[in-house]
Amino acid sequence: MSAWGLDPATGKFVALQPGTPPTDPYQYKYELQCHLGGGDFDTVCLAGLVDCKNGPEGKEGIPVVWLKAPAGVPNPSWSYHSGPTCLFDPQPEDLLPRIAAVIQTEFQRLPVSAGTVTAQPSPHTLRGAETNFFGNAAEQQFDITILAQRVHVVARPVEYTWSYGDGAVMGPQRAAGAPLPQERWGEKTLTSHVYTQTGDFAVVLTTHFKGTYSVNDGPPLPIPGQGSFNSPPQPISVWRTITRNYADDCLQNPQGQGCPAAAPSVP
């Protein structure tokens, strides 16, 4: 059996050669369940052999256990990693490279939630003032089928890009932002933005996820690159402020502009 590792040049899993620079601290291989080497099997173990007759799409598989060893070590000592489980493929010897060739595309197709967007203040803010934005994205897990195999995917948010709707973009950066108490609204934060024009804008958060995947309960393997997913647009209205100075207050001049007793202004 070959040991598998990620080829950084192609982004595909290939049989590792001695001296290959590891991208994962381990290399993996599978062996038939109960196999003792050669044509010998453990007869006691065979009594508990995993049933692989009713796999995805009705395919019959083979019972295996997954082994691991330090990556890049020639002739390593292999140790148990996980299993027993099933491989459902007529050519299991190159199953992992074929799944690795499509996993990045399948990852981007998953319904990963980019998280929610919150603005402070909201739904209205002021031109020329700092508006604080923060996102809330979480780790997500999915079970999908690739090449008739059960594949478990874990997506973890790692970076964020903010599009503020007025042409300004910030990121990607690790900060998702955080809420401020109301008395601190208007402070500059790692994710705040100052609008220079009034109007209605749509803010979009792009969350970048790193992922791992495991085939038929096998070891978790890294998905090359990142998956990027956009939040629904968050509307925000930017208003302007007008400052006026007055010589007295409403107690001194109840008819003054802005006072409850004042006559309505004529447009």
# chains A, B, ... in the order shown; residues from 1 in each chain; ligands from 1
>>> select_by_dssp(residues="region 126-252 of chain A", states="strand (DSSP E)", output="ChimeraX atom specification")
/A:126,130-136,140-146,149-163,169-173,193-194,199-215,221-222,227-230,234-239
>>> residues_around(residues="Leu180 (chain A)", least_positions_apart="6", cutoff="9 Å", atoms="only C-alpha atoms", output="list in words")
Gln120, Asn132 and Glu187 of chain A
>>> atom_distance(atom1="CA of Val65 (chain A)", atom2="CA of Arg109 (chain A)")
29.7 Å
>>> residues_around(residues="Ile236 (chain A)", least_positions_apart="6", cutoff="7 Å", atoms="only C-alpha atoms", output="CSV table (one decimal) with C-alpha atoms, in the first residue's frame")
chain,number,residue,atom,x,y,z
A,122,SER,CA,-28.0,50.8,12.5
A,123,PRO,CA,-30.0,51.0,10.3
A,124,HIS,CA,-28.9,54.7,10.1
A,200,ASP,CA,-28.2,53.8,1.0
A,201,PHE,CA,-25.5,51.2,0.8
A,202,ALA,CA,-25.3,47.4,0.9
